[in-house]
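Participant: Take this structure, written in structure tokens, and hold onto it; I'll ask about it next.
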Amino acid sequence: MKTIPRPEYPRPQFIRNDWINLNGKWNFEFDFGESGLDAPEVSPAGPLAENWNGADRGALKKAPFANEIIVPFCPESPLSGVGYKDFIPAIFYSKEISIPEEWANKRIILHFGGVDNVAMVYIDGKLAGRHKGGQCSFEVDITGFTQAGKTHMLILHAIDHQRYGLSGAGKQSRFYQSHGCSYTRVTGIWATVWLEAVDMCGLKRCRITPDLDNGSFVITPEYYALPENGKLQTGIYADGKIVASAAVSCGNGVPFAVNIPEKHPWTPDDPFLYEIKFSLFDKEGKLIDEVESYAGLRKISIIKDRLYLNNKPFFPRFVLDQGYYPDGIWTAPDDEALENDIKLSKAAGFNGARLHQKVFEERFHYHADRLGYLTWGEYGNWGWNFSKAEARENFLSEWQEIVLRDMNHPSIIVWCPLNETCSPNPLALIAKFPNMAALQSYRDHLTAIGELTKSIDPSRPFSDTSGFLHVKTDIWSVHCYAKNQQEMKERLFPEKGGVMVHAPSVETGYCGQPYLCNEFGGFMYIAPERRKESNRWGYHGLDLQTPSEWAEKIREQILLLISSPEIAGYCYTQLTDVEQEQNGIYHFDRSAKCDLTEIRKIFSMKPDWSEY
């Protein structure tokens with residue numbers, strides 16, 4: 001392993017030079033009783049007990065802790081050096097951080113790419129910040145807790161109440177072992193941790209909205225503090241040469257447009273990216289902040305029952321990507337692995353992916369932007385109990401952070417916060433909605449999620465939930481796992497006409513939106529040399545024996561979808577096997593199950609009307 005794992009800059013759309021990667025060796029202690037801050041002694045059972053040093057009343061003072069872990073990998077993963085698989089309700093981390101002398105008089109920002117789930121950040125024993133939400137990045141301003149040229153003790157206390165239903169856990173197993181389509185859990189830090197020095201009046205973020213039709217980018221800046229009589233210079237470059245620029249007085253949240261003389265659209269076939277440089281000057285004309293970014297000039301829209309990209313109809317040929325890795329769980333072992341997953345998908349014939357039940361790290365979106373790979377921005381909502389008021393509040397807060405973080409990526413074309421919000425089983429629905437008040441509460445909450453999303457980003461379509469149950473949505477998506485073409489046809493196209501509806505008494509009616517088969521397939525083919533593995537699960541109960549049998553099962557359903565004018569796109573389950581779930585196009589280790597020539601031909605087929 002490299003000296004610093006995952007050493008690359010974690011936020012490619014907002015790059016500054018003054019930063020320090022904090023990945024690598026940290027110290028830690030589990031806090032199984034969640035009493036590490038006040039109990040005299042905590043001692044775990046299990047494989048770590050023999051060499052354990054328990055947390056005590058001085059937990060914040062006794063750091064560094066006794067055990068070592070490799071960040072950014074979660075303690076459940078092999079790459080962390082720990083590999084502890086049981087439930088971890090809480091964990092302490094510690095690491096000494098040194099603030100460079102040249103960072104004096106700067107704002108010091110501590111960034112966490114992801115901490116599951118509640119994070120308390122301490123500097124030298126003092127609480128510096130708190131964050132709720134395990135799937136999104138966050139930052140803590142530690143300027144008032146640190147001093148340039150000094151070393152400080154950073155402590156993170158992460159709490160993960162996975163089974164309380166107060167936040168989404170995605171595909172993390174709610175039982176001790178992985179089972180079915182639920183996998184190994186993730187606790188604590190799972191993405192890059194880093195420090196950054198910023199001017200006190202530096203840029204906090206810049207919203208970049210592409211306006212393809214008018215040939216411009218609309219920039220909406222936000223500042224940590226508004227500089228007095230400051231000026232923001234924006235330069236836009238194509239292939240290293242400046243093509244447009246604008247200089248404006250600084251205003252928080254005040255948008256301005258930069259016109260592009262000869263527009264070069266971003267498409268899946270030609271994912272052209274403009275480089276952007278933001279230069280911030282104070283009232284004396286001194287450069288106080290500089291940020292490098294990029295953007296793609298593209299438009300996503302809906303016309304009648306079709307999705308349009310750059311004013312041309314297109315048919316999403318998507319694959320379900322769970323974003324799990326054998327050695328890193330939620331965390332790719334290196335940056336090349338993120339890029340490779342996209343290349344594997346394109347090699348199999350897909351033009352994009354639903355990033356399923358997990359918020360992917362920013363560098364994945366960066367590679368998708370570069371490679372012309374379309375995605376749905378999603379959230380891992382499984383495990384979240386919408387009937388609890390605190391859970392609803394937590395969801396809205398975290399989802400807002402996700403949209404704000406990722407809204408500049410041209411590859412993301414749809415926001416879809418939820419997946420299969422309720423079981424289609426009638427008995428389960430009755431349990432979910434015992435009365436009209438409970439049903440209306442569900443509808444109100446999904447409506448609120450949609451309104452929040454549109455208030456932040458009206459430029460993209462909003463899909464309230466993939467599969468079911470729809471309340472207020474720009475896209476009507478269904479999940480249709482069928483053993484054969486005839487069964488799929490009967491379910492997708494009811495005899496009396498219309499679209500597949502899971503629960504007519506619960507869902508609002510179909511209103512002519514694009515109709516997508518957003519999950520299907522899941523056919524399990526296991527290469528002969530791997531059939532000795534006993535712990536395996538897949539849809540349908542079918543165990544296909546040959547690559548040709550496997551390909552034919554997929555082909556007949558793809559032919560139905562692309563030949564049916566009612567269908568506006570699909571998403572096949574799934575890109576790779578994940579642990580015991582073995583219905584992927586590739587094995588979990590990303591090796592091919594067979595020669596994929598026929599598979600690529602199948603997934604490359606598209607309706608005649610689709611431009612991409």
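The chains in the structure tokens are called A, B, ... from first to last as shown; in each chain the residues are counted from 1, and the ligands are counted from 1 in the order shown.
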Check region 6-162 of chain A with DSSP on the backbone and list each residue it calls strand (DSSP E), as a PDB file with N, CA and C atoms, in the first residue's frame.
Facilitator:
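Written output follows (part.pdb):
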ATOM      1  N   TRP A  19      -3.367  22.432   0.814  1.00  0.00           N
ATOM      2  CA  TRP A  19      -4.147  21.377   1.450  1.00  0.00           C
ATOM      3  C   TRP A  19      -3.209  20.285   1.939  1.00  0.00           C
ATOM      4  N   ILE A  20      -3.687  19.519   2.905  1.00  0.00           N
ATOM      5  CA  ILE A  20      -2.908  18.412   3.485  1.00  0.00           C
ATOM      6  C   ILE A  20      -3.818  17.190   3.586  1.00  0.00           C
ATOM      7  N   ASN A  21      -3.378  16.097   2.997  1.00  0.00           N
ATOM      8  CA  ASN A  21      -4.115  14.836   3.068  1.00  0.00           C
ATOM      9  C   ASN A  21      -3.832  14.174   4.422  1.00  0.00           C
ATOM     10  N   GLY A  24      -4.112   7.723   6.092  1.00  0.00           N
ATOM     11  CA  GLY A  24      -2.985   6.942   6.580  1.00  0.00           C
ATOM     12  C   GLY A  24      -3.243   6.411   7.972  1.00  0.00           C
ATOM     13  N   LYS A  25      -2.206   6.299   8.756  1.00  0.00           N
ATOM     14  CA  LYS A  25      -2.307   5.673  10.074  1.00  0.00           C
ATOM     15  C   LYS A  25      -2.936   6.625  11.095  1.00  0.00           C
ATOM     16  N   TRP A  26      -4.014   6.193  11.690  1.00  0.00           N
ATOM     17  CA  TRP A  26      -4.658   6.864  12.821  1.00  0.00           C
ATOM     18  C   TRP A  26      -4.676   5.891  13.994  1.00  0.00           C
ATOM     19  N   ASN A  27      -5.025   6.389  15.158  1.00  0.00           N
ATOM     20  CA  ASN A  27      -5.275   5.526  16.317  1.00  0.00           C
ATOM     21  C   ASN A  27      -6.768   5.501  16.596  1.00  0.00           C
ATOM     22  N   PHE A  28      -7.220   4.404  17.195  1.00  0.00           N
ATOM     23  CA  PHE A  28      -8.655   4.283  17.444  1.00  0.00           C
ATOM     24  C   PHE A  28      -8.940   3.385  18.631  1.00  0.00           C
ATOM     25  N   GLU A  29     -10.158   3.504  19.143  1.00  0.00           N
ATOM     26  CA  GLU A  29     -10.717   2.569  20.114  1.00  0.00           C
ATOM     27  C   GLU A  29     -12.206   2.450  19.844  1.00  0.00           C
ATOM     28  N   PHE A  30     -12.701   1.242  19.891  1.00  0.00           N
ATOM     29  CA  PHE A  30     -14.141   1.055  19.827  1.00  0.00           C
ATOM     30  C   PHE A  30     -14.785   1.529  21.127  1.00  0.00           C
ATOM     31  N   ASN A  67      -5.029   1.476  19.547  1.00  0.00           N
ATOM     32  CA  ASN A  67      -5.062   0.622  18.362  1.00  0.00           C
ATOM     33  C   ASN A  67      -4.881   1.449  17.097  1.00  0.00           C
ATOM     34  N   GLU A  68      -4.396   0.799  16.043  1.00  0.00           N
ATOM     35  CA  GLU A  68      -4.115   1.505  14.802  1.00  0.00           C
ATOM     36  C   GLU A  68      -5.088   1.095  13.698  1.00  0.00           C
ATOM     37  N   ILE A  69      -5.427   2.074  12.855  1.00  0.00           N
ATOM     38  CA  ILE A  69      -6.318   1.842  11.727  1.00  0.00           C
ATOM     39  C   ILE A  69      -5.821   2.684  10.559  1.00  0.00           C
ATOM     40  N   ILE A  70      -6.036   2.186   9.345  1.00  0.00           N
ATOM     41  CA  ILE A  70      -5.658   2.917   8.144  1.00  0.00           C
ATOM     42  C   ILE A  70      -6.891   3.630   7.599  1.00  0.00           C
ATOM     43  N   VAL A  71      -6.863   4.943   7.659  1.00  0.00           N
ATOM     44  CA  VAL A  71      -7.914   5.813   7.121  1.00  0.00           C
ATOM     45  C   VAL A  71      -7.575   6.094   5.651  1.00  0.00           C
ATOM     46  N   ALA A  90     -20.225   2.736  18.277  1.00  0.00           N
ATOM     47  CA  ALA A  90     -19.466   3.981  18.369  1.00  0.00           C
ATOM     48  C   ALA A  90     -17.971   3.668  18.309  1.00  0.00           C
ATOM     49  N   ILE A  91     -17.209   4.658  17.871  1.00  0.00           N
ATOM     50  CA  ILE A  91     -15.763   4.480  17.724  1.00  0.00           C
ATOM     51  C   ILE A  91     -15.082   5.832  17.914  1.00  0.00           C
ATOM     52  N   PHE A  92     -13.913   5.808  18.576  1.00  0.00           N
ATOM     53  CA  PHE A  92     -13.055   6.985  18.713  1.00  0.00           C
ATOM     54  C   PHE A  92     -11.880   6.867  17.742  1.00  0.00           C
ATOM     55  N   TYR A  93     -11.538   7.977  17.093  1.00  0.00           N
ATOM     56  CA  TYR A  93     -10.323   8.085  16.289  1.00  0.00           C
ATOM     57  C   TYR A  93      -9.468   9.209  16.859  1.00  0.00           C
ATOM     58  N   SER A  94      -8.162   9.107  16.682  1.00  0.00           N
ATOM     59  CA  SER A  94      -7.284  10.219  17.051  1.00  0.00           C
ATOM     60  C   SER A  94      -6.116  10.316  16.088  1.00  0.00           C
ATOM     61  N   LYS A  95      -5.677  11.550  15.876  1.00  0.00           N
ATOM     62  CA  LYS A  95      -4.516  11.790  15.015  1.00  0.00           C
ATOM     63  C   LYS A  95      -3.961  13.170  15.330  1.00  0.00           C
ATOM     64  N   GLU A  96      -2.634  13.274  15.420  1.00  0.00           N
ATOM     65  CA  GLU A  96      -2.005  14.576  15.573  1.00  0.00           C
ATOM     66  C   GLU A  96      -1.980  15.281  14.229  1.00  0.00           C
ATOM     67  N   ILE A  97      -2.359  16.550  14.231  1.00  0.00           N
ATOM     68  CA  ILE A  97      -2.323  17.347  13.012  1.00  0.00           C
ATOM     69  C   ILE A  97      -1.464  18.576  13.258  1.00  0.00           C
ATOM     70  N   SER A  98      -0.647  18.910  12.275  1.00  0.00           N
ATOM     71  CA  SER A  98       0.233  20.078  12.379  1.00  0.00           C
ATOM     72  C   SER A  98      -0.234  21.133  11.391  1.00  0.00           C
ATOM     73  N   ARG A 107      -8.129  30.860   7.224  1.00  0.00           N
ATOM     74  CA  ARG A 107      -9.208  30.039   7.765  1.00  0.00           C
ATOM     75  C   ARG A 107      -8.806  28.571   7.576  1.00  0.00           C
ATOM     76  N   ILE A 108      -8.842  27.773   8.636  1.00  0.00           N
ATOM     77  CA  ILE A 108      -8.427  26.370   8.572  1.00  0.00           C
ATOM     78  C   ILE A 108      -9.686  25.500   8.534  1.00  0.00           C
ATOM     79  N   ILE A 109      -9.862  24.782   7.426  1.00  0.00           N
ATOM     80  CA  ILE A 109     -11.047  23.948   7.223  1.00  0.00           C
ATOM     81  C   ILE A 109     -10.639  22.482   7.264  1.00  0.00           C
ATOM     82  N   LEU A 110     -11.320  21.723   8.113  1.00  0.00           N
ATOM     83  CA  LEU A 110     -11.113  20.286   8.214  1.00  0.00           C
ATOM     84  C   LEU A 110     -12.245  19.591   7.454  1.00  0.00           C
ATOM     85  N   HIS A 111     -11.887  18.813   6.441  1.00  0.00           N
ATOM     86  CA  HIS A 111     -12.869  18.149   5.580  1.00  0.00           C
ATOM     87  C   HIS A 111     -12.931  16.647   5.863  1.00  0.00           C
ATOM     88  N   PHE A 112     -14.139  16.113   5.912  1.00  0.00           N
ATOM     89  CA  PHE A 112     -14.361  14.677   6.001  1.00  0.00           C
ATOM     90  C   PHE A 112     -15.182  14.252   4.775  1.00  0.00           C
ATOM     91  N   VAL A 115     -18.369  10.137   7.045  1.00  0.00           N
ATOM     92  CA  VAL A 115     -18.285   9.507   8.363  1.00  0.00           C
ATOM     93  C   VAL A 115     -19.671   8.956   8.679  1.00  0.00           C
ATOM     94  N   ASP A 116     -19.768   7.669   8.848  1.00  0.00           N
ATOM     95  CA  ASP A 116     -21.051   7.034   9.128  1.00  0.00           C
ATOM     96  C   ASP A 116     -21.141   6.773  10.643  1.00  0.00           C
ATOM     97  N   VAL A 118     -23.094   9.725  12.890  1.00  0.00           N
ATOM     98  CA  VAL A 118     -22.997  11.000  13.604  1.00  0.00           C
ATOM     99  C   VAL A 118     -21.539  11.215  14.005  1.00  0.00           C
ATOM    100  N   ALA A 119     -21.020  12.403  13.713  1.00  0.00           N
ATOM    101  CA  ALA A 119     -19.609  12.684  13.989  1.00  0.00           C
ATOM    102  C   ALA A 119     -19.473  13.875  14.928  1.00  0.00           C
ATOM    103  N   MET A 120     -18.694  13.690  15.998  1.00  0.00           N
ATOM    104  CA  MET A 120     -18.310  14.783  16.877  1.00  0.00           C
ATOM    105  C   MET A 120     -16.803  15.000  16.718  1.00  0.00           C
ATOM    106  N   VAL A 121     -16.412  16.222  16.391  1.00  0.00           N
ATOM    107  CA  VAL A 121     -15.009  16.531  16.119  1.00  0.00           C
ATOM    108  C   VAL A 121     -14.448  17.365  17.268  1.00  0.00           C
ATOM    109  N   TYR A 122     -13.353  16.895  17.852  1.00  0.00           N
ATOM    110  CA  TYR A 122     -12.701  17.584  18.962  1.00  0.00           C
ATOM    111  C   TYR A 122     -11.278  17.974  18.559  1.00  0.00           C
ATOM    112  N   ILE A 123     -10.864  19.170  18.958  1.00  0.00           N
ATOM    113  CA  ILE A 123      -9.483  19.612  18.811  1.00  0.00           C
ATOM    114  C   ILE A 123      -8.946  19.893  20.208  1.00  0.00           C
ATOM    115  N   LYS A 126     -11.575  19.913  22.905  1.00  0.00           N
ATOM    116  CA  LYS A 126     -12.689  20.843  22.803  1.00  0.00           C
ATOM    117  C   LYS A 126     -13.543  20.514  21.583  1.00  0.00           C
ATOM    118  N   LEU A 127     -14.845  20.494  21.783  1.00  0.00           N
ATOM    119  CA  LEU A 127     -15.760  20.197  20.685  1.00  0.00           C
ATOM    120  C   LEU A 127     -15.696  21.310  19.640  1.00  0.00           C
ATOM    121  N   ALA A 128     -15.297  20.944  18.422  1.00  0.00           N
ATOM    122  CA  ALA A 128     -15.160  21.933  17.344  1.00  0.00           C
ATOM    123  C   ALA A 128     -16.303  21.862  16.343  1.00  0.00           C
ATOM    124  N   GLY A 129     -16.995  20.724  16.291  1.00  0.00           N
ATOM    125  CA  GLY A 129     -18.081  20.601  15.319  1.00  0.00           C
ATOM    126  C   GLY A 129     -18.787  19.274  15.445  1.00  0.00           C
ATOM    127  N   ARG A 130     -20.003  19.228  14.898  1.00  0.00           N
ATOM    128  CA  ARG A 130     -20.824  18.020  14.939  1.00  0.00           C
ATOM    129  C   ARG A 130     -21.565  17.898  13.616  1.00  0.00           C
ATOM    130  N   HIS A 131     -21.695  16.682  13.127  1.00  0.00           N
ATOM    131  CA  HIS A 131     -22.382  16.470  11.857  1.00  0.00           C
ATOM    132  C   HIS A 131     -23.194  15.186  11.911  1.00  0.00           C
ATOM    133  N   LYS A 132     -24.406  15.254  11.336  1.00  0.00           N
ATOM    134  CA  LYS A 132     -25.270  14.072  11.242  1.00  0.00           C
ATOM    135  C   LYS A 132     -25.455  13.731   9.779  1.00  0.00           C
ATOM    136  N   PHE A 138     -18.602  16.608   4.682  1.00  0.00           N
ATOM    137  CA  PHE A 138     -18.862  17.799   5.492  1.00  0.00           C
ATOM    138  C   PHE A 138     -17.539  18.432   5.887  1.00  0.00           C
ATOM    139  N   GLU A 139     -17.617  19.672   6.356  1.00  0.00           N
ATOM    140  CA  GLU A 139     -16.419  20.380   6.776  1.00  0.00           C
ATOM    141  C   GLU A 139     -16.635  21.028   8.133  1.00  0.00           C
ATOM    142  N   VAL A 140     -15.537  21.230   8.851  1.00  0.00           N
ATOM    143  CA  VAL A 140     -15.559  21.890  10.153  1.00  0.00           C
ATOM    144  C   VAL A 140     -14.503  22.986  10.139  1.00  0.00           C
ATOM    145  N   ASP A 141     -14.927  24.188  10.458  1.00  0.00           N
ATOM    146  CA  ASP A 141     -13.999  25.313  10.559  1.00  0.00           C
ATOM    147  C   ASP A 141     -13.311  25.237  11.921  1.00  0.00           C
ATOM    148  N   THR A 151       1.129  21.822  16.731  1.00  0.00           N
ATOM    149  CA  THR A 151       0.540  20.497  16.540  1.00  0.00           C
ATOM    150  C   THR A 151      -0.616  20.327  17.511  1.00  0.00           C
ATOM    151  N   HIS A 152      -1.709  19.768  17.026  1.00  0.00           N
ATOM    152  CA  HIS A 152      -2.917  19.602  17.830  1.00  0.00           C
ATOM    153  C   HIS A 152      -3.413  18.165  17.746  1.00  0.00           C
ATOM    154  N   MET A 153      -4.163  17.769  18.753  1.00  0.00           N
ATOM    155  CA  MET A 153      -4.740  16.429  18.772  1.00  0.00           C
ATOM    156  C   MET A 153      -6.167  16.491  18.228  1.00  0.00           C
ATOM    157  N   LEU A 154      -6.375  15.823  17.124  1.00  0.00           N
ATOM    158  CA  LEU A 154      -7.703  15.705  16.522  1.00  0.00           C
ATOM    159  C   LEU A 154      -8.334  14.401  16.993  1.00  0.00           C
ATOM    160  N   ILE A 155      -9.532  14.494  17.530  1.00  0.00           N
ATOM    161  CA  ILE A 155     -10.287  13.308  17.945  1.00  0.00           C
ATOM    162  C   ILE A 155     -11.647  13.332  17.260  1.00  0.00           C
ATOM    163  N   LEU A 156     -12.013  12.214  16.704  1.00  0.00           N
ATOM    164  CA  LEU A 156     -13.342  12.052  16.121  1.00  0.00           C
ATOM    165  C   LEU A 156     -14.075  10.963  16.890  1.00  0.00           C
ATOM    166  N   HIS A 157     -15.276  11.271  17.343  1.00  0.00           N
ATOM    167  CA  HIS A 157     -16.139  10.276  17.977  1.00  0.00           C
ATOM    168  C   HIS A 157     -17.308  10.045  17.023  1.00  0.00           C
ATOM    169  N   ALA A 158     -17.378   8.864  16.438  1.00  0.00           N
ATOM    170  CA  ALA A 158     -18.434   8.542  15.483  1.00  0.00           C
ATOM    171  C   ALA A 158     -19.422   7.568  16.122  1.00  0.00           C
ATOM    172  N   ILE A 159     -20.701   7.872  15.965  1.00  0.00           N
ATOM    173  CA  ILE A 159     -21.780   7.035  16.498  1.00  0.00           C
ATOM    174  C   ILE A 159     -22.612   6.521  15.335  1.00  0.00           C
TER     175      ILE A 159
END
Participant: Excluding same-chain residues fewer than 6 positions from Asn105 (chain A), what lies within 12 Å of it counting only C-alpha atoms, as a PDB file with N, CA and C atoms, in the first residue's frame?
Facilitator:
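selection-v4.pdb was written with the following content:
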ATOM      1  N   ILE A  99      -0.377  22.345  11.869  1.00  0.00           N
ATOM      2  CA  ILE A  99      -0.804  23.467  11.038  1.00  0.00           C
ATOM      3  C   ILE A  99       0.436  24.210  10.560  1.00  0.00           C
ATOM      4  N   THR A 143     -10.537  27.015  12.746  1.00  0.00           N
ATOM      5  CA  THR A 143      -9.624  28.161  12.870  1.00  0.00           C
ATOM      6  C   THR A 143      -9.441  28.587  14.326  1.00  0.00           C
ATOM      7  N   GLY A 144     -10.544  28.689  15.057  1.00  0.00           N
ATOM      8  CA  GLY A 144     -10.471  29.159  16.438  1.00  0.00           C
ATOM      9  C   GLY A 144      -9.916  28.145  17.413  1.00  0.00           C
ATOM     10  N   THR A 146      -7.096  26.153  16.545  1.00  0.00           N
ATOM     11  CA  THR A 146      -5.745  25.789  16.138  1.00  0.00           C
ATOM     12  C   THR A 146      -4.861  27.033  16.049  1.00  0.00           C
ATOM     13  N   GLN A 147      -3.574  26.772  15.936  1.00  0.00           N
ATOM     14  CA  GLN A 147      -2.596  27.862  15.824  1.00  0.00           C
ATOM     15  C   GLN A 147      -1.542  27.465  14.805  1.00  0.00           C
ATOM     16  N   ALA A 148      -1.239  28.352  13.887  1.00  0.00           N
ATOM     17  CA  ALA A 148      -0.232  28.070  12.868  1.00  0.00           C
ATOM     18  C   ALA A 148       1.108  27.757  13.519  1.00  0.00           C
ATOM     19  N   GLY A 149       1.792  26.740  12.983  1.00  0.00           N
ATOM     20  CA  GLY A 149       3.081  26.319  13.512  1.00  0.00           C
ATOM     21  C   GLY A 149       2.984  25.389  14.696  1.00  0.00           C
ATOM     22  N   ALA A 197      -6.325  25.379   3.770  1.00  0.00           N
ATOM     23  CA  ALA A 197      -6.196  26.774   4.204  1.00  0.00           C
ATOM     24  C   ALA A 197      -6.910  27.679   3.211  1.00  0.00           C
ATOM     25  N   VAL A 198      -7.764  28.563   3.716  1.00  0.00           N
ATOM     26  CA  VAL A 198      -8.568  29.443   2.873  1.00  0.00           C
ATOM     27  C   VAL A 198      -8.502  30.851   3.459  1.00  0.00           C
ATOM     28  N   ASP A 199      -8.513  31.847   2.598  1.00  0.00           N
ATOM     29  CA  ASP A 199      -8.599  33.217   3.084  1.00  0.00           C
ATOM     30  C   ASP A 199      -9.888  33.387   3.891  1.00  0.00           C
ATOM     31  N   MET A 200      -9.846  34.268   4.877  1.00  0.00           N
ATOM     32  CA  MET A 200     -11.024  34.477   5.724  1.00  0.00           C
ATOM     33  C   MET A 200     -12.255  34.856   4.912  1.00  0.00           C
ATOM     34  N   CYS A 201     -12.037  35.489   3.752  1.00  0.00           N
ATOM     35  CA  CYS A 201     -13.142  35.874   2.860  1.00  0.00           C
ATOM     36  C   CYS A 201     -13.137  35.034   1.588  1.00  0.00           C
ATOM     37  N   ILE A 288      -6.582  37.118  -3.146  1.00  0.00           N
ATOM     38  CA  ILE A 288      -6.714  36.505  -1.824  1.00  0.00           C
ATOM     39  C   ILE A 288      -7.213  35.065  -1.881  1.00  0.00           C
TER      40      ILE A 288
END
Participant: CA of Ala169 (chain A) and CA of Ala353 (chain A) are how many Å apart?
Facilitator: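 Separation of CA of Ala169 (chain A) and CA of Ala353 (chain A): 20.1 Å.
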Participant: Which residues are close to region 363-366 of chain A, i.e. within 12 Å by only C-alpha atoms, leaving aside same-chain residues fewer than 4 positions away? Reply as a PyMOL selection string.
Facilitator: chain A and resi 6-14+113+191-192+271+273+293-296+321+323+331-332+334-343+352-353+355+359+370-377+405-413
Participant: Could you turn the residues from that selection into a file that holds C-alpha atoms, as a PDB file, in the first residue's frame?
Facilitator:
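Result file follows (out33.pdb):
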ATOM      1  CA  ARG A   6      -5.966   7.608  -1.641  1.00  0.00           C
ATOM      2  CA  PRO A   7      -3.483  10.528  -1.988  1.00  0.00           C
ATOM      3  CA  GLU A   8      -5.289  12.306  -4.846  1.00  0.00           C
ATOM      4  CA  TYR A   9      -7.131  15.599  -4.363  1.00  0.00           C
ATOM      5  CA  PRO A  10     -10.608  14.594  -3.133  1.00  0.00           C
ATOM      6  CA  ARG A  11     -12.632  17.472  -4.657  1.00  0.00           C
ATOM      7  CA  PRO A  12     -11.638  17.906  -8.334  1.00  0.00           C
ATOM      8  CA  GLN A  13     -14.290  20.564  -9.036  1.00  0.00           C
ATOM      9  CA  PHE A  14     -12.965  22.968  -6.396  1.00  0.00           C
ATOM     10  CA  GLY A 113     -15.347  12.861   2.816  1.00  0.00           C
ATOM     11  CA  ALA A 191     -13.590   8.637   2.714  1.00  0.00           C
ATOM     12  CA  THR A 192     -10.601  10.967   2.603  1.00  0.00           C
ATOM     13  CA  PRO A 271     -17.471  14.710 -22.945  1.00  0.00           C
ATOM     14  CA  LEU A 273     -15.069  19.943 -20.239  1.00  0.00           C
ATOM     15  CA  SER A 293     -12.864  24.052 -11.427  1.00  0.00           C
ATOM     16  CA  TYR A 294     -14.485  22.703 -14.576  1.00  0.00           C
ATOM     17  CA  ALA A 295     -17.931  22.298 -16.121  1.00  0.00           C
ATOM     18  CA  GLY A 296     -19.716  20.713 -19.046  1.00  0.00           C
ATOM     19  CA  ASP A 321     -23.853   0.059  -9.538  1.00  0.00           C
ATOM     20  CA  GLY A 323     -20.249   0.887  -5.303  1.00  0.00           C
ATOM     21  CA  THR A 331     -14.231   2.856  -0.297  1.00  0.00           C
ATOM     22  CA  ALA A 332     -12.389   2.148  -3.538  1.00  0.00           C
ATOM     23  CA  ASP A 334      -7.440   3.529  -5.193  1.00  0.00           C
ATOM     24  CA  ASP A 335      -8.538   6.165  -7.671  1.00  0.00           C
ATOM     25  CA  GLU A 336      -7.938   3.820 -10.597  1.00  0.00           C
ATOM     26  CA  ALA A 337     -10.623   1.477  -9.247  1.00  0.00           C
ATOM     27  CA  LEU A 338     -13.238   4.237  -9.475  1.00  0.00           C
ATOM     28  CA  GLU A 339     -12.318   4.953 -13.071  1.00  0.00           C
ATOM     29  CA  ASN A 340     -12.138   1.258 -13.906  1.00  0.00           C
ATOM     30  CA  ASP A 341     -15.730   0.614 -12.809  1.00  0.00           C
ATOM     31  CA  ILE A 342     -16.918   3.165 -15.362  1.00  0.00           C
ATOM     32  CA  LYS A 343     -14.749   1.644 -18.066  1.00  0.00           C
ATOM     33  CA  GLY A 352     -24.630   5.124 -17.586  1.00  0.00           C
ATOM     34  CA  ALA A 353     -25.598   3.903 -14.133  1.00  0.00           C
ATOM     35  CA  LEU A 355     -25.483   4.805  -8.332  1.00  0.00           C
ATOM     36  CA  VAL A 359     -23.694   8.426  -2.188  1.00  0.00           C
ATOM     37  CA  ARG A 370     -14.393  12.999 -18.029  1.00  0.00           C
ATOM     38  CA  LEU A 371     -15.575   9.761 -19.620  1.00  0.00           C
ATOM     39  CA  GLY A 372     -19.080  10.813 -20.664  1.00  0.00           C
ATOM     40  CA  TYR A 373     -20.869   8.456 -18.291  1.00  0.00           C
ATOM     41  CA  LEU A 374     -24.440   9.388 -17.325  1.00  0.00           C
ATOM     42  CA  THR A 375     -25.653   8.792 -13.759  1.00  0.00           C
ATOM     43  CA  TRP A 376     -28.554   9.245 -11.377  1.00  0.00           C
ATOM     44  CA  GLY A 377     -27.613  10.970  -8.134  1.00  0.00           C
ATOM     45  CA  ARG A 405     -22.122  19.079  -3.173  1.00  0.00           C
ATOM     46  CA  ASP A 406     -22.747  17.330  -6.483  1.00  0.00           C
ATOM     47  CA  MET A 407     -24.944  19.683  -8.512  1.00  0.00           C
ATOM     48  CA  ASN A 408     -22.111  20.933 -10.778  1.00  0.00           C
ATOM     49  CA  HIS A 409     -21.364  17.519 -12.304  1.00  0.00           C
ATOM     50  CA  PRO A 410     -22.598  17.304 -15.916  1.00  0.00           C
ATOM     51  CA  SER A 411     -22.736  13.502 -15.738  1.00  0.00           C
ATOM     52  CA  ILE A 412     -25.538  13.555 -13.130  1.00  0.00           C
ATOM     53  CA  ILE A 413     -28.810  13.897 -15.027  1.00  0.00           C
TER      54      ILE A 413
END
Participant: Considering only helix (DSSP H, G or I) as DSSP defines it on the backbone, what residues of region 180-399 of chain A qualify? List them as a ChimeraX atom specification.
Facilitator: /A:335-347,362-371,389-399
Participant: For region 432-548 of chain A against region 589-610 of chain A, with a cut-off of 12 Å and counting only C-alpha atoms, what is the closest atom pair and its distance in Å to one decimal for every residue that makes the cut, ordered by chain and number, as JSON lines?
Facilitator:
{"residue": "A:Met524", "atom": "CA", "partner": "A:Lys593", "partner_atom": "CA", "distance": 10.8}
{"residue": "A:Tyr525", "atom": "CA", "partner": "A:Lys593", "partner_atom": "CA", "distance": 8.0}
{"residue": "A:Ile526", "atom": "CA", "partner": "A:Lys593", "partner_atom": "CA", "distance": 7.2}
{"residue": "A:Ala527", "atom": "CA", "partner": "A:Lys593", "partner_atom": "CA", "distance": 5.9}
{"residue": "A:Pro528", "atom": "CA", "partner": "A:Lys593", "partner_atom": "CA", "distance": 9.5}
{"residue": "A:Glu529", "atom": "CA", "partner": "A:Lys593", "partner_atom": "CA", "distance": 10.1}
{"residue": "A:Arg530", "atom": "CA", "partner": "A:Lys593", "partner_atom": "CA", "distance": 9.8}
{"residue": "A:Arg531", "atom": "CA", "partner": "A:Lys593", "partner_atom": "CA", "distance": 11.9}
{"residue": "A:Gln545", "atom": "CA", "partner": "A:Lys593", "partner_atom": "CA", "distance": 12.0}
{"residue": "A:Thr546", "atom": "CA", "partner": "A:Cys594", "partner_atom": "CA", "distance": 9.4}
{"residue": "A:Pro547", "atom": "CA", "partner": "A:Cys594", "partner_atom": "CA", "distance": 6.7}
{"residue": "A:Ser548", "atom": "CA", "partner": "A:Glu598", "partner_atom": "CA", "distance": 8.4}
